[in-house]
>>> print(open('entry-v7.pdb').read())   # PDB, C-alpha atoms
ATOM      1  CA  MET A   1       5.021   3.097  -2.919  1.00  0.00           C
ATOM      2  CA  SER A   2       2.300   5.597  -3.910  1.00  0.00           C
ATOM      3  CA  GLN A   3      -0.047   3.141  -5.613  1.00  0.00           C
ATOM      4  CA  LEU A   4      -2.856   4.209  -3.276  1.00  0.00           C
ATOM      5  CA  LYS A   5      -1.541   7.658  -2.371  1.00  0.00           C
ATOM      6  CA  ASP A   6      -3.920   9.645  -0.154  1.00  0.00           C
ATOM      7  CA  GLN A   7      -6.746   7.150  -0.493  1.00  0.00           C
ATOM      8  CA  ILE A   8      -8.730   6.377   2.653  1.00  0.00           C
ATOM      9  CA  ALA A   9      -9.069   2.744   3.705  1.00  0.00           C
ATOM     10  CA  LEU A  10     -10.969   0.978   6.475  1.00  0.00           C
ATOM     11  CA  VAL A  11     -10.081  -2.557   7.587  1.00  0.00           C
ATOM     12  CA  THR A  12     -12.159  -4.560  10.057  1.00  0.00           C
ATOM     13  CA  GLY A  13     -10.367  -7.050  12.277  1.00  0.00           C
ATOM     14  CA  GLY A  14      -7.192  -5.118  11.633  1.00  0.00           C
ATOM     15  CA  SER A  15      -5.060  -5.552  14.742  1.00  0.00           C
ATOM     16  CA  ARG A  16      -3.670  -9.043  14.142  1.00  0.00           C
ATOM     17  CA  GLY A  17      -3.158 -11.815  11.600  1.00  0.00           C
ATOM     18  CA  ILE A  18      -4.318 -11.183   8.053  1.00  0.00           C
ATOM     19  CA  GLY A  19      -5.929  -7.887   9.004  1.00  0.00           C
ATOM     20  CA  ARG A  20      -2.708  -6.524  10.457  1.00  0.00           C
ATOM     21  CA  ALA A  21      -0.806  -7.414   7.282  1.00  0.00           C
ATOM     22  CA  ILE A  22      -3.501  -5.696   5.203  1.00  0.00           C
ATOM     23  CA  VAL A  23      -3.258  -2.511   7.265  1.00  0.00           C
ATOM     24  CA  LEU A  24       0.522  -2.425   6.838  1.00  0.00           C
ATOM     25  CA  ALA A  25       0.344  -3.149   3.097  1.00  0.00           C
ATOM     26  CA  LEU A  26      -2.277  -0.477   2.427  1.00  0.00           C
ATOM     27  CA  ALA A  27      -0.293   2.079   4.413  1.00  0.00           C
ATOM     28  CA  GLN A  28       2.892   1.152   2.568  1.00  0.00           C
ATOM     29  CA  ALA A  29       1.024   1.686  -0.710  1.00  0.00           C
ATOM     30  CA  GLY A  30       0.212   5.229   0.391  1.00  0.00           C
ATOM     31  CA  ALA A  31      -3.280   4.933   1.863  1.00  0.00           C
ATOM     32  CA  LYS A  32      -4.395   6.462   5.120  1.00  0.00           C
ATOM     33  CA  VAL A  33      -5.784   3.532   7.084  1.00  0.00           C
ATOM     34  CA  ALA A  34      -8.424   3.222   9.758  1.00  0.00           C
ATOM     35  CA  PHE A  35      -8.925  -0.183  11.296  1.00  0.00           C
ATOM     36  CA  VAL A  36     -11.332  -1.813  13.694  1.00  0.00           C
ATOM     37  CA  TYR A  37     -10.257  -4.047  16.557  1.00  0.00           C
ATOM     38  CA  ARG A  38     -12.433  -5.852  19.068  1.00  0.00           C
ATOM     39  CA  GLY A  39     -10.133  -6.957  21.881  1.00  0.00           C
ATOM     40  CA  SER A  40      -6.511  -5.921  22.285  1.00  0.00           C
ATOM     41  CA  LYS A  41      -5.920  -2.189  22.561  1.00  0.00           C
ATOM     42  CA  GLU A  42      -2.243  -2.935  23.121  1.00  0.00           C
ATOM     43  CA  ALA A  43      -1.954  -4.709  19.762  1.00  0.00           C
ATOM     44  CA  SER A  44      -3.860  -1.942  17.972  1.00  0.00           C
ATOM     45  CA  ASP A  45      -1.731   0.807  19.539  1.00  0.00           C
ATOM     46  CA  LYS A  46       1.413  -1.045  18.516  1.00  0.00           C
ATOM     47  CA  LEU A  47       0.168  -1.293  14.930  1.00  0.00           C
ATOM     48  CA  VAL A  48      -0.635   2.420  14.772  1.00  0.00           C
ATOM     49  CA  GLU A  49       2.868   3.156  16.047  1.00  0.00           C
ATOM     50  CA  GLU A  50       4.411   0.851  13.431  1.00  0.00           C
ATOM     51  CA  VAL A  51       2.521   2.523  10.586  1.00  0.00           C
ATOM     52  CA  THR A  52       3.416   5.986  11.895  1.00  0.00           C
ATOM     53  CA  ALA A  53       7.093   5.095  12.308  1.00  0.00           C
ATOM     54  CA  ALA A  54       7.179   4.038   8.655  1.00  0.00           C
ATOM     55  CA  GLY A  55       5.826   7.417   7.574  1.00  0.00           C
ATOM     56  CA  GLY A  56       2.180   6.394   7.198  1.00  0.00           C
ATOM     57  CA  GLU A  57      -1.032   7.413   8.900  1.00  0.00           C
ATOM     58  CA  ALA A  58      -3.354   5.080  10.795  1.00  0.00           C
ATOM     59  CA  VAL A  59      -6.102   5.282  13.380  1.00  0.00           C
ATOM     60  CA  ALA A  60      -7.777   2.506  15.382  1.00  0.00           C
ATOM     61  CA  PHE A  61     -11.407   2.157  16.470  1.00  0.00           C
ATOM     62  CA  GLN A  62     -12.664  -0.350  19.011  1.00  0.00           C
ATOM     63  CA  ALA A  63     -15.903  -2.064  17.940  1.00  0.00           C
ATOM     64  CA  ASP A  64     -17.663  -5.413  17.749  1.00  0.00           C
ATOM     65  CA  VAL A  65     -18.634  -5.850  14.094  1.00  0.00           C
ATOM     66  CA  SER A  66     -21.401  -8.305  15.023  1.00  0.00           C
ATOM     67  CA  GLN A  67     -23.350  -5.351  16.456  1.00  0.00           C
ATOM     68  CA  LEU A  68     -25.318  -3.852  13.574  1.00  0.00           C
ATOM     69  CA  ASP A  69     -24.875  -0.244  14.700  1.00  0.00           C
ATOM     70  CA  ALA A  70     -21.075  -0.531  14.931  1.00  0.00           C
ATOM     71  CA  ALA A  71     -20.498   0.058  11.223  1.00  0.00           C
ATOM     72  CA  SER A  72     -22.297   3.368  10.944  1.00  0.00           C
ATOM     73  CA  LYS A  73     -20.570   4.681  14.071  1.00  0.00           C
ATOM     74  CA  VAL A  74     -17.091   3.718  12.825  1.00  0.00           C
ATOM     75  CA  ILE A  75     -17.614   5.050   9.317  1.00  0.00           C
ATOM     76  CA  GLU A  76     -18.996   8.318  10.679  1.00  0.00           C
ATOM     77  CA  GLN A  77     -15.721   8.741  12.567  1.00  0.00           C
ATOM     78  CA  VAL A  78     -13.660   7.908   9.481  1.00  0.00           C
ATOM     79  CA  LEU A  79     -15.578  10.490   7.431  1.00  0.00           C
ATOM     80  CA  ALA A  80     -15.246  13.079  10.199  1.00  0.00           C
ATOM     81  CA  LYS A  81     -11.480  12.642  10.099  1.00  0.00           C
ATOM     82  CA  TRP A  82     -10.816  12.276   6.358  1.00  0.00           C
ATOM     83  CA  ASN A  83     -14.071  13.253   4.581  1.00  0.00           C
ATOM     84  CA  ARG A  84     -14.167  10.189   2.327  1.00  0.00           C
ATOM     85  CA  LEU A  85     -13.793   6.411   2.209  1.00  0.00           C
ATOM     86  CA  ASP A  86     -12.214   4.820  -0.847  1.00  0.00           C
ATOM     87  CA  ILE A  87     -11.450   1.266   0.302  1.00  0.00           C
ATOM     88  CA  LEU A  88     -13.319  -1.061   2.635  1.00  0.00           C
ATOM     89  CA  VAL A  89     -11.820  -4.413   3.634  1.00  0.00           C
ATOM     90  CA  ASN A  90     -14.139  -6.691   5.607  1.00  0.00           C
ATOM     91  CA  ASN A  91     -11.677  -8.982   7.342  1.00  0.00           C
ATOM     92  CA  ALA A  92     -13.124  -9.462  10.840  1.00  0.00           C
ATOM     93  CA  GLY A  93     -14.082 -13.073  11.446  1.00  0.00           C
ATOM     94  CA  VAL A  94     -14.362 -15.737  14.102  1.00  0.00           C
ATOM     95  CA  ILE A  95     -14.308 -19.533  14.238  1.00  0.00           C
ATOM     96  CA  LYS A  96     -16.435 -21.547  16.666  1.00  0.00           C
ATOM     97  CA  ASP A  97     -15.905 -25.095  15.424  1.00  0.00           C
ATOM     98  CA  GLY A  98     -17.999 -28.003  16.616  1.00  0.00           C
ATOM     99  CA  LEU A  99     -19.838 -30.977  15.159  1.00  0.00           C
ATOM    100  CA  PHE A 100     -23.303 -29.955  14.010  1.00  0.00           C
ATOM    101  CA  LEU A 101     -25.300 -32.198  16.345  1.00  0.00           C
ATOM    102  CA  ARG A 102     -23.423 -30.748  19.312  1.00  0.00           C
ATOM    103  CA  MET A 103     -23.199 -27.160  18.126  1.00  0.00           C
ATOM    104  CA  GLU A 104     -24.588 -24.576  20.501  1.00  0.00           C
ATOM    105  CA  GLU A 105     -27.002 -22.078  18.996  1.00  0.00           C
ATOM    106  CA  SER A 106     -24.816 -19.313  20.393  1.00  0.00           C
ATOM    107  CA  ASP A 107     -21.830 -20.609  18.396  1.00  0.00           C
ATOM    108  CA  TRP A 108     -23.906 -20.584  15.216  1.00  0.00           C
ATOM    109  CA  LYS A 109     -25.173 -17.061  15.893  1.00  0.00           C
ATOM    110  CA  THR A 110     -21.781 -15.625  16.856  1.00  0.00           C
ATOM    111  CA  VAL A 111     -20.137 -16.843  13.658  1.00  0.00           C
ATOM    112  CA  ILE A 112     -22.971 -15.786  11.345  1.00  0.00           C
ATOM    113  CA  ASP A 113     -23.426 -12.395  13.028  1.00  0.00           C
ATOM    114  CA  THR A 114     -19.698 -11.631  12.875  1.00  0.00           C
ATOM    115  CA  ASN A 115     -18.594 -13.098   9.554  1.00  0.00           C
ATOM    116  CA  LEU A 116     -21.715 -12.361   7.508  1.00  0.00           C
ATOM    117  CA  GLY A 117     -23.544  -9.747   9.570  1.00  0.00           C
ATOM    118  CA  GLY A 118     -20.419  -7.631  10.014  1.00  0.00           C
ATOM    119  CA  THR A 119     -19.724  -7.732   6.286  1.00  0.00           C
ATOM    120  CA  PHE A 120     -23.313  -6.714   5.536  1.00  0.00           C
ATOM    121  CA  SER A 121     -23.426  -3.789   7.950  1.00  0.00           C
ATOM    122  CA  PHE A 122     -20.057  -2.318   6.982  1.00  0.00           C
ATOM    123  CA  CYS A 123     -20.855  -2.676   3.270  1.00  0.00           C
ATOM    124  CA  ARG A 124     -24.197  -0.962   3.775  1.00  0.00           C
ATOM    125  CA  ALA A 125     -22.679   1.956   5.681  1.00  0.00           C
ATOM    126  CA  ALA A 126     -19.785   2.319   3.220  1.00  0.00           C
ATOM    127  CA  ALA A 127     -21.983   2.044   0.133  1.00  0.00           C
ATOM    128  CA  GLN A 128     -23.948   5.136   1.156  1.00  0.00           C
ATOM    129  CA  GLN A 129     -20.761   7.185   0.915  1.00  0.00           C
ATOM    130  CA  MET A 130     -19.195   5.413  -2.060  1.00  0.00           C
ATOM    131  CA  THR A 131     -22.205   5.305  -4.371  1.00  0.00           C
ATOM    132  CA  LEU A 132     -24.163   8.445  -3.541  1.00  0.00           C
ATOM    133  CA  LYS A 133     -21.429  10.959  -2.695  1.00  0.00           C
ATOM    134  CA  GLN A 134     -18.180   9.779  -4.279  1.00  0.00           C
ATOM    135  CA  ARG A 135     -19.259   7.497  -7.111  1.00  0.00           C
ATOM    136  CA  TYR A 136     -16.079   5.583  -6.431  1.00  0.00           C
ATOM    137  CA  GLY A 137     -15.073   2.772  -4.139  1.00  0.00           C
ATOM    138  CA  ARG A 138     -13.390  -0.570  -3.655  1.00  0.00           C
ATOM    139  CA  ILE A 139     -14.954  -3.180  -1.374  1.00  0.00           C
ATOM    140  CA  ILE A 140     -12.957  -6.325  -0.606  1.00  0.00           C
ATOM    141  CA  ASN A 141     -14.453  -9.082   1.538  1.00  0.00           C
ATOM    142  CA  ILE A 142     -12.200 -11.708   3.081  1.00  0.00           C
ATOM    143  CA  SER A 143     -13.879 -15.081   2.642  1.00  0.00           C
ATOM    144  CA  SER A 144     -12.292 -18.546   2.933  1.00  0.00           C
ATOM    145  CA  VAL A 145     -11.727 -21.729   0.947  1.00  0.00           C
ATOM    146  CA  ALA A 146     -13.911 -23.268   3.677  1.00  0.00           C
ATOM    147  CA  ALA A 147     -16.887 -21.955   1.706  1.00  0.00           C
ATOM    148  CA  THR A 148     -16.341 -24.729  -0.837  1.00  0.00           C
ATOM    149  CA  HIS A 149     -13.509 -26.891   0.553  1.00  0.00           C
ATOM    150  CA  VAL A 150     -15.497 -27.932   3.602  1.00  0.00           C
ATOM    151  CA  ASN A 151     -14.380 -29.585   6.820  1.00  0.00           C
ATOM    152  CA  ALA A 152     -16.302 -31.439   9.505  1.00  0.00           C
ATOM    153  CA  GLY A 153     -17.179 -29.219  12.441  1.00  0.00           C
ATOM    154  CA  GLN A 154     -17.454 -26.034  10.398  1.00  0.00           C
ATOM    155  CA  CYS A 155     -21.108 -25.855   9.367  1.00  0.00           C
ATOM    156  CA  ASN A 156     -21.374 -22.373  10.853  1.00  0.00           C
ATOM    157  CA  TYR A 157     -18.079 -21.082   9.432  1.00  0.00           C
ATOM    158  CA  SER A 158     -18.574 -22.607   5.973  1.00  0.00           C
ATOM    159  CA  ALA A 159     -22.125 -21.263   5.822  1.00  0.00           C
ATOM    160  CA  SER A 160     -20.972 -17.773   6.739  1.00  0.00           C
ATOM    161  CA  LYS A 161     -18.214 -17.711   4.136  1.00  0.00           C
ATOM    162  CA  GLY A 162     -20.362 -19.244   1.413  1.00  0.00           C
ATOM    163  CA  ALA A 163     -22.886 -16.502   2.083  1.00  0.00           C
ATOM    164  CA  VAL A 164     -20.139 -13.858   1.900  1.00  0.00           C
ATOM    165  CA  ASN A 165     -19.209 -15.144  -1.571  1.00  0.00           C
ATOM    166  CA  SER A 166     -22.797 -14.939  -2.834  1.00  0.00           C
ATOM    167  CA  PHE A 167     -23.311 -11.566  -1.165  1.00  0.00           C
ATOM    168  CA  THR A 168     -20.160 -10.265  -2.859  1.00  0.00           C
ATOM    169  CA  ARG A 169     -21.392 -11.248  -6.314  1.00  0.00           C
ATOM    170  CA  ALA A 170     -24.886  -9.843  -5.772  1.00  0.00           C
ATOM    171  CA  LEU A 171     -23.603  -6.560  -4.361  1.00  0.00           C
ATOM    172  CA  ALA A 172     -21.175  -6.168  -7.269  1.00  0.00           C
ATOM    173  CA  VAL A 173     -24.141  -6.186  -9.659  1.00  0.00           C
ATOM    174  CA  GLU A 174     -25.918  -3.452  -7.716  1.00  0.00           C
ATOM    175  CA  LEU A 175     -22.946  -1.123  -7.204  1.00  0.00           C
ATOM    176  CA  GLY A 176     -21.110  -1.536 -10.500  1.00  0.00           C
ATOM    177  CA  SER A 177     -22.822   1.349 -12.279  1.00  0.00           C
ATOM    178  CA  ARG A 178     -21.655   3.698  -9.514  1.00  0.00           C
ATOM    179  CA  ASN A 179     -17.985   2.881 -10.111  1.00  0.00           C
ATOM    180  CA  VAL A 180     -17.773   0.712  -6.993  1.00  0.00           C
ATOM    181  CA  THR A 181     -16.205  -2.721  -7.343  1.00  0.00           C
ATOM    182  CA  VAL A 182     -16.918  -5.556  -4.910  1.00  0.00           C
ATOM    183  CA  ASN A 183     -14.666  -8.602  -4.734  1.00  0.00           C
ATOM    184  CA  ALA A 184     -13.758 -11.326  -2.269  1.00  0.00           C
ATOM    185  CA  ILE A 185     -10.528 -13.106  -1.423  1.00  0.00           C
ATOM    186  CA  ALA A 186     -10.708 -16.703  -0.213  1.00  0.00           C
ATOM    187  CA  PRO A 187      -7.550 -17.607   1.720  1.00  0.00           C
ATOM    188  CA  GLY A 188      -6.477 -21.179   2.364  1.00  0.00           C
ATOM    189  CA  PHE A 189      -4.330 -22.189   5.341  1.00  0.00           C
ATOM    190  CA  ILE A 190      -2.601 -19.012   6.495  1.00  0.00           C
ATOM    191  CA  GLU A 191      -0.151 -18.786   9.388  1.00  0.00           C
ATOM    192  CA  THR A 192      -2.221 -16.844  11.918  1.00  0.00           C
ATOM    193  CA  ASP A 193      -3.322 -17.162  15.540  1.00  0.00           C
ATOM    194  CA  MET A 194      -6.773 -18.241  14.361  1.00  0.00           C
ATOM    195  CA  SER A 195      -5.431 -21.221  12.429  1.00  0.00           C
ATOM    196  CA  GLU A 196      -2.831 -22.236  15.010  1.00  0.00           C
ATOM    197  CA  ALA A 197      -4.923 -24.967  16.673  1.00  0.00           C
ATOM    198  CA  VAL A 198      -5.642 -26.712  13.364  1.00  0.00           C
ATOM    199  CA  ARG A 199      -2.053 -26.367  12.214  1.00  0.00           C
ATOM    200  CA  SER A 200      -0.674 -27.742  15.471  1.00  0.00           C
ATOM    201  CA  LYS A 201      -2.958 -30.763  15.318  1.00  0.00           C
ATOM    202  CA  ALA A 202      -2.153 -31.541  11.675  1.00  0.00           C
ATOM    203  CA  GLY A 203       1.592 -30.945  11.906  1.00  0.00           C
ATOM    204  CA  ASP A 204       3.347 -30.941   8.519  1.00  0.00           C
ATOM    205  CA  PHE A 205       0.604 -32.966   6.828  1.00  0.00           C
ATOM    206  CA  ILE A 206      -1.259 -29.964   5.410  1.00  0.00           C
ATOM    207  CA  ALA A 207       1.756 -28.323   3.810  1.00  0.00           C
ATOM    208  CA  LYS A 208       3.439 -31.495   2.593  1.00  0.00           C
ATOM    209  CA  LYS A 209       0.415 -33.484   1.431  1.00  0.00           C
ATOM    210  CA  LEU A 210      -2.424 -31.089   0.627  1.00  0.00           C
ATOM    211  CA  ILE A 211      -0.809 -27.922  -0.739  1.00  0.00           C
ATOM    212  CA  PRO A 212       0.960 -28.165  -4.119  1.00  0.00           C
ATOM    213  CA  THR A 213       3.253 -25.233  -3.322  1.00  0.00           C
ATOM    214  CA  ARG A 214       4.418 -27.140  -0.206  1.00  0.00           C
ATOM    215  CA  ARG A 215       3.994 -24.259   2.208  1.00  0.00           C
ATOM    216  CA  LEU A 216       1.379 -22.561   4.298  1.00  0.00           C
ATOM    217  CA  GLY A 217       0.327 -19.073   3.294  1.00  0.00           C
ATOM    218  CA  LYS A 218       1.495 -15.933   5.033  1.00  0.00           C
ATOM    219  CA  PRO A 219      -0.719 -12.963   5.868  1.00  0.00           C
ATOM    220  CA  GLU A 220       1.309 -10.922   3.393  1.00  0.00           C
ATOM    221  CA  ASP A 221       0.148 -13.223   0.574  1.00  0.00           C
ATOM    222  CA  ILE A 222      -3.394 -12.016   1.182  1.00  0.00           C
ATOM    223  CA  ALA A 223      -2.436  -8.404   1.833  1.00  0.00           C
ATOM    224  CA  SER A 224      -0.696  -8.002  -1.525  1.00  0.00           C
ATOM    225  CA  ALA A 225      -3.840  -9.177  -3.311  1.00  0.00           C
ATOM    226  CA  VAL A 226      -5.931  -6.665  -1.358  1.00  0.00           C
ATOM    227  CA  VAL A 227      -3.651  -3.836  -2.479  1.00  0.00           C
ATOM    228  CA  PHE A 228      -4.030  -4.941  -6.092  1.00  0.00           C
ATOM    229  CA  LEU A 229      -7.842  -5.149  -5.906  1.00  0.00           C
ATOM    230  CA  ALA A 230      -7.893  -1.685  -4.337  1.00  0.00           C
ATOM    231  CA  SER A 231      -5.733  -0.231  -7.102  1.00  0.00           C
ATOM    232  CA  ALA A 232      -6.579   1.393 -10.430  1.00  0.00           C
ATOM    233  CA  GLY A 233      -5.267  -1.696 -12.185  1.00  0.00           C
ATOM    234  CA  ALA A 234      -8.227  -3.709 -10.877  1.00  0.00           C
ATOM    235  CA  SER A 235     -10.944  -1.280 -11.976  1.00  0.00           C
ATOM    236  CA  TYR A 236     -12.526  -3.838 -14.359  1.00  0.00           C
ATOM    237  CA  ILE A 237     -12.584  -6.685 -11.828  1.00  0.00           C
ATOM    238  CA  THR A 238     -15.785  -7.040  -9.833  1.00  0.00           C
ATOM    239  CA  GLY A 239     -17.963  -9.793  -8.419  1.00  0.00           C
ATOM    240  CA  GLN A 240     -15.061 -12.211  -8.238  1.00  0.00           C
ATOM    241  CA  VAL A 241     -13.951 -14.596  -5.499  1.00  0.00           C
ATOM    242  CA  ILE A 242     -10.188 -14.943  -5.801  1.00  0.00           C
ATOM    243  CA  THR A 243      -8.768 -18.036  -4.142  1.00  0.00           C
ATOM    244  CA  ILE A 244      -5.304 -17.717  -2.613  1.00  0.00           C
ATOM    245  CA  ASP A 245      -4.439 -21.093  -1.148  1.00  0.00           C
ATOM    246  CA  GLY A 246      -1.270 -22.417  -2.782  1.00  0.00           C
ATOM    247  CA  GLY A 247      -3.408 -24.886  -4.738  1.00  0.00           C
ATOM    248  CA  LEU A 248      -5.121 -26.486  -1.726  1.00  0.00           C
ATOM    249  CA  SER A 249      -8.586 -26.307  -3.303  1.00  0.00           C
ATOM    250  CA  LEU A 250      -7.415 -28.263  -6.329  1.00  0.00           C
ATOM    251  CA  GLY A 251      -7.897 -31.349  -4.166  1.00  0.00           C
ATOM    252  CA  ALA A 252      -4.676 -33.039  -5.185  1.00  0.00           C
ATOM    253  CA  VAL A 253      -3.218 -35.285  -2.494  1.00  0.00           C
ATOM    254  CA  SER A 254       0.531 -35.828  -2.741  1.00  0.00           C
ATOM    255  CA  GLY A 255       2.024 -39.244  -2.363  1.00  0.00           C
TER     256      GLY A 255
END
>>> encode(input="entry-v7.pdb", output="structure tokens")
Amino acid sequence: MSQLKDQIALVTGGSRGIGRAIVLALAQAGAKVAFVYRGSKEASDKLVEEVTAAGGEAVAFQADVSQLDAASKVIEQVLAKWNRLDILVNNAGVIKDGLFLRMEESDWKTVIDTNLGGTFSFCRAAAQQMTLKQRYGRIINISSVAATHVNAGQCNYSASKGAVNSFTRALAVELGSRNVTVNAIAPGFIETDMSEAVRSKAGDFIAKKLIPTRRLGKPEDIASAVVFLASAGASYITGQVITIDGGLSLGAVSG
């Protein structure tokens, strides 16, 4: 219950789906959690209330992570409230699928600016505090199996997540000597609003034919891994991309 007692965490894209589960899991582990949401204030307020009702502490900030100045503004507010930042989880992401020859430039830019640009800007703002003032930190970037297990219509999304993986490894090399670890988690098919369209179209085929564990992932499957990577037990793990997909990326097709 107190695995992360009194540590300060920041989660982007925290009001729904995987991000929401991460906020709840970090709070349950004892962290004080700030999270960023872009759209629904109602959903973010409800999440703050849920964390508070369970005895935790959470605060929400509205921001668009694709805007480069958003990160510094949010982290300034986190530091003003709690004076430090121990854990950063870059979870905010968007999908704008479309076949490459028909893909609008705006759809390419939106995905890259959000998924990769948001990760870059929040890491840069957090690293200033973690490396120079605290000499401690945990950075966890949420990637995707789509970085390597590619699908038609996802050139923008796959490119953004592949870049997040490489960025994670490179940043881990630079920050390691300052006691800051940088890792990524690559989820497979997770039951969220973002994946609903794909899941509805595919029906039971994905779970029954493509995933050895015969089930789709739940947001909590990702959240529990985030808590571990943020904990003292993961202090010697850095620069890794940890795949959590029930075996999907093994490529085995069931008969």
>>> atom_distance(input="entry-v7.pdb", atom1="atom CA of A:Ala223", atom2="atom CA of A:Asn90")
12.4 Å
>>> resolve_selection(input="entry-v7.pdb", expression="the PyMOL selection byres ((chain A and resi 143-147) around 6)", output="VMD selection string")
chain A and resid 142 148 to 150 158 161 to 162 185 to 188
>>> write_last_selection(input="entry-v7.pdb", atoms="C-alpha atoms", output="compact mmCIF listing (two decimals), keeping the file's coordinate frame")
# COMPACT_ATOMS: atom_id res chain seq x y z
CA ILE A 142 -12.20 -11.71 3.08
CA THR A 148 -16.34 -24.73 -0.84
CA HIS A 149 -13.51 -26.89 0.55
CA VAL A 150 -15.50 -27.93 3.60
CA SER A 158 -18.57 -22.61 5.97
CA LYS A 161 -18.21 -17.71 4.14
CA GLY A 162 -20.36 -19.24 1.41
CA ILE A 185 -10.53 -13.11 -1.42
CA ALA A 186 -10.71 -16.70 -0.21
CA PRO A 187 -7.55 -17.61 1.72
CA GLY A 188 -6.48 -21.18 2.36
>>> residues_around(input="entry-v7.pdb", residues="A:Pro212", least_positions_apart="2", cutoff="10 Å", atoms="only C-alpha atoms", output="CSV table (one decimal) with C-alpha atoms, in the frame of the given file")
chain,number,residue,atom,x,y,z
A,206,ILE,CA,-1.3,-30.0,5.4
A,207,ALA,CA,1.8,-28.3,3.8
A,208,LYS,CA,3.4,-31.5,2.6
A,209,LYS,CA,0.4,-33.5,1.4
A,210,LEU,CA,-2.4,-31.1,0.6
A,214,ARG,CA,4.4,-27.1,-0.2
A,215,ARG,CA,4.0,-24.3,2.2
A,245,ASP,CA,-4.4,-21.1,-1.1
A,246,GLY,CA,-1.3,-22.4,-2.8
A,247,GLY,CA,-3.4,-24.9,-4.7
A,248,LEU,CA,-5.1,-26.5,-1.7
A,249,SER,CA,-8.6,-26.3,-3.3
A,250,LEU,CA,-7.4,-28.3,-6.3
A,251,GLY,CA,-7.9,-31.3,-4.2
A,252,ALA,CA,-4.7,-33.0,-5.2
A,253,VAL,CA,-3.2,-35.3,-2.5
A,254,SER,CA,0.5,-35.8,-2.7
>>> atom_distance(input="entry-v7.pdb", atom1="atom CA of A:Thr110", atom2="atom CA of A:Ser15")
19.6 Å
>>> residues_near_point(input="entry-v7.pdb", point="(-15.8, -30.8, 10.3)", cutoff="8 Å", atoms="all atoms listed in the file", output="number ranges by chain")
A: 97-99, 150-155
>>> write_last_selection(input="entry-v7.pdb", atoms="C-alpha atoms", output="PDB file, keeping the file's coordinate frame")
ATOM      1  CA  ASP A  97     -15.905 -25.095  15.424  1.00  0.00           C
ATOM      2  CA  GLY A  98     -17.999 -28.003  16.616  1.00  0.00           C
ATOM      3  CA  LEU A  99     -19.838 -30.977  15.159  1.00  0.00           C
ATOM      4  CA  VAL A 150     -15.497 -27.932   3.602  1.00  0.00           C
ATOM      5  CA  ASN A 151     -14.380 -29.585   6.820  1.00  0.00           C
ATOM      6  CA  ALA A 152     -16.302 -31.439   9.505  1.00  0.00           C
ATOM      7  CA  GLY A 153     -17.179 -29.219  12.441  1.00  0.00           C
ATOM      8  CA  GLN A 154     -17.454 -26.034  10.398  1.00  0.00           C
ATOM      9  CA  CYS A 155     -21.108 -25.855   9.367  1.00  0.00           C
TER      10      CYS A 155
END
>>> residues_around(input="entry-v7.pdb", residues="A:Ser160", least_positions_apart="6", cutoff="7 Å", atoms="all atoms listed in the file", output="PyMOL selection string")
chain A and resi 112+115-116
>>> write_last_selection(input="entry-v7.pdb", atoms="C-alpha atoms", output="PDB file, in the coordinates of the input")
ATOM      1  CA  ILE A 112     -22.971 -15.786  11.345  1.00  0.00           C
ATOM      2  CA  ASN A 115     -18.594 -13.098   9.554  1.00  0.00           C
ATOM      3  CA  LEU A 116     -21.715 -12.361   7.508  1.00  0.00           C
TER       4      LEU A 116
END
>>> residues_around(input="entry-v7.pdb", residues="stretch 179-182 of chain A", least_positions_apart="2", cutoff="9 Å", atoms="all atoms listed in the file", output="mmCIF file with C-alpha atoms, in the coordinates of the input")
data_model
loop_
_atom_site.group_PDB
_atom_site.id
_atom_site.type_symbol
_atom_site.label_atom_id
_atom_site.label_comp_id
_atom_site.auth_asym_id
_atom_site.auth_seq_id
_atom_site.Cartn_x
_atom_site.Cartn_y
_atom_site.Cartn_z
ATOM 1 C CA ALA A 127 -21.983 2.044 0.133
ATOM 2 C CA MET A 130 -19.195 5.413 -2.060
ATOM 3 C CA THR A 131 -22.205 5.305 -4.371
ATOM 4 C CA ARG A 135 -19.259 7.497 -7.111
ATOM 5 C CA TYR A 136 -16.079 5.583 -6.431
ATOM 6 C CA GLY A 137 -15.073 2.772 -4.139
ATOM 7 C CA ARG A 138 -13.390 -0.570 -3.655
ATOM 8 C CA ILE A 139 -14.954 -3.180 -1.374
ATOM 9 C CA ILE A 140 -12.957 -6.325 -0.606
ATOM 10 C CA ASN A 141 -14.453 -9.082 1.538
ATOM 11 C CA THR A 168 -20.160 -10.265 -2.859
ATOM 12 C CA ARG A 169 -21.392 -11.248 -6.314
ATOM 13 C CA LEU A 171 -23.603 -6.560 -4.361
ATOM 14 C CA ALA A 172 -21.175 -6.168 -7.269
ATOM 15 C CA VAL A 173 -24.141 -6.186 -9.659
ATOM 16 C CA LEU A 175 -22.946 -1.123 -7.204
ATOM 17 C CA GLY A 176 -21.110 -1.536 -10.500
ATOM 18 C CA SER A 177 -22.822 1.349 -12.279
ATOM 19 C CA ALA A 184 -13.758 -11.326 -2.269
ATOM 20 C CA LEU A 229 -7.842 -5.149 -5.906
ATOM 21 C CA ALA A 230 -7.893 -1.685 -4.337
ATOM 22 C CA ALA A 234 -8.227 -3.709 -10.877
ATOM 23 C CA SER A 235 -10.944 -1.280 -11.976
ATOM 24 C CA TYR A 236 -12.526 -3.838 -14.359
ATOM 25 C CA ILE A 237 -12.584 -6.685 -11.828
ATOM 26 C CA THR A 238 -15.785 -7.040 -9.833
ATOM 27 C CA GLY A 239 -17.963 -9.793 -8.419
ATOM 28 C CA GLN A 240 -15.061 -12.211 -8.238
#
>>> atom_distance(input="entry-v7.pdb", atom1="atom CA of A:Leu26", atom2="atom CA of A:Glu220")
11.1 Å
>>> resolve_selection(input="entry-v7.pdb", expression="the PyMOL selection byres ((chain A and resi 54) around 12)", output="number ranges by chain")
A: 1, 24-25, 27-30, 47-53, 55-58
